[in-house]
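Colleague: Just dropping this structure here.
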Amino acid sequence: MSRWRPPGETSTALITRAGHDRLKAELDELWRRRRPEVVKALAAAAAEGDRSENAEYTYRKKQLGEIDRRVRYLGKRLEVLKVVDTAPSDPQAVYFGADVELENAETGECVRYRIVGPDETDAKRGWISIDAPLARAMLKKRIDDEFETTLPSGKASFVIVAVHYHD
């Protein structure tokens, strides 16, 4: 059995300024602080003798691989990301970076989402990827527009109540 995997779906290469800064800070943290610490601990574990029975050596080797994999990913991803830090010319319409308040047309429940890049989604904060079906359905819609989309729970209808952009 081979290790080959088909390439994953390409995601939109957009990111907010804050998201870009977070990814750069993570890359810097991994490369300048965490990786040297793990390399030092790995060298100390390797010096203890038989590596085949050395759990510390095995753990540090795995940890170093994970750090290197993330550093490689961040380095490549940061090269292709386009930072979007300007508000659109039409602030009443939904575009990347918008905070959107929606009302469920059936239940009347209000929810709030922020449309961000796929590298900065956060479900707890209500930040959804621009690649998400809900975000795709509401793009270019304006306040008081009604739209329908298919969610994992089934079809749902929403009305756009408010649209805000961060400075």
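All residue names refer to the structure tokens as shown: chains lettered A, B, ... in order, residues numbered from 1 in each chain, ligands numbered from 1 in order.
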Between stretch 10-56 of chain A and stretch 61-85 of chain A, at 8 Å or less, what are the per-residue closest atom pairs and their distances in Å? Count only C-alpha atoms, order by chain and rising residue number, and return it as JSON lines.
Modeller:
{"residue": "A:Ala13", "atom": "CA", "partner": "A:Leu81", "partner_atom": "CA", "distance": 4.7}
{"residue": "A:Leu14", "atom": "CA", "partner": "A:Lys82", "partner_atom": "CA", "distance": 5.0}
{"residue": "A:Ile15", "atom": "CA", "partner": "A:Val83", "partner_atom": "CA", "distance": 5.1}
{"residue": "A:Thr16", "atom": "CA", "partner": "A:Val84", "partner_atom": "CA", "distance": 5.3}
{"residue": "A:Arg17", "atom": "CA", "partner": "A:Val83", "partner_atom": "CA", "distance": 5.8}
{"residue": "A:His20", "atom": "CA", "partner": "A:Val83", "partner_atom": "CA", "distance": 7.0}
{"residue": "A:Leu23", "atom": "CA", "partner": "A:Leu74", "partner_atom": "CA", "distance": 7.1}
{"residue": "A:Lys24", "atom": "CA", "partner": "A:Leu78", "partner_atom": "CA", "distance": 7.7}
{"residue": "A:Leu27", "atom": "CA", "partner": "A:Val71", "partner_atom": "CA", "distance": 6.0}
{"residue": "A:Leu30", "atom": "CA", "partner": "A:Ile67", "partner_atom": "CA", "distance": 6.7}
{"residue": "A:Trp31", "atom": "CA", "partner": "A:Val71", "partner_atom": "CA", "distance": 7.1}
{"residue": "A:Arg35", "atom": "CA", "partner": "A:Ile67", "partner_atom": "CA", "distance": 6.8}
{"residue": "A:Val38", "atom": "CA", "partner": "A:Leu64", "partner_atom": "CA", "distance": 6.4}
{"residue": "A:Val39", "atom": "CA", "partner": "A:Leu64", "partner_atom": "CA", "distance": 7.2}
{"residue": "A:Leu42", "atom": "CA", "partner": "A:Lys61", "partner_atom": "CA", "distance": 6.7}
Colleague: Would you list the contacts of stretch 137-143 of chain A as a list in words, taking every protein, DNA or RNA residue within 7 Å and counting only C-alpha atoms, but skipping same-chain residues closer than 6 positions in sequence?
Modeller: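 Contacts, in chain order: Gln92, Ala93, Val94, Tyr95, Thr149, Ile160, Val161, Ala162 and Val163 of chain A.
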Colleague: Can you pull out the residues contacting A:Gly126? Cut-off 9 Å, using only C-alpha atoms, and skip same-chain residues under 5 positions away; I want them as an NGL selection string.
Modeller: :A and (111-115 or 121)
Colleague: In Å, how far is it from atom CA of A:Ala156 to atom CA of A:Ala132?
Modeller: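 Calculated distance between atom CA of A:Ala156 and atom CA of A:Ala132 is 14.3 Å.
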Colleague: Would you kindly return, as a ChimeraX atom specification, each protein, DNA or RNA residue with an atom no farther than 10 Å from any atom of A:Val159, considering only C-alpha atoms and excluding same-chain residues fewer than 3 positions away?
Modeller: /A:101-105,108,110,138,141-148,162
Colleague: When you look at A:Ala46 with a cut-off of 10 Å (counting only C-alpha atoms), what residues show up, excluding the ones that are within fewer than 2 positions of it in the same chain? I need them as a count of residues only.
Modeller: 15
Colleague: Pick out each residue of chain A that DSSP on the backbone tags as strand (DSSP E); I need them as number ranges by chain.
Modeller: A: 14-15, 82-83, 98-104, 110-116, 127-129, 146-151, 154-165
Colleague: Mind the document's chain letters and residue numbers, and return as number ranges by chain the residues of stretch 4-141 of chain A that DSSP labels helix (DSSP H, G or I).
Modeller: A: 17-46, 51-53, 55-80, 123-125, 133-138
Colleague: Find the residue from A:Gly8, A:Ala25, A:His164, A:Arg34 that sits nearest to A:Gly97; use only C-alpha atoms when measuring.
Modeller: A:His164
Colleague: Restricting the calculation to only C-alpha atoms: of A:Asp119, A:Glu37, A:Glu26, A:Glu109, which residue gets closest to A:Thr12?
Modeller: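 That would be A:Asp119, the residue with the smallest distance to A:Thr12.
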Colleague: So how many Å separate atom CA of A:Glu9 and atom CA of A:Asp131, to one decimal?
Modeller: 10.7 Å
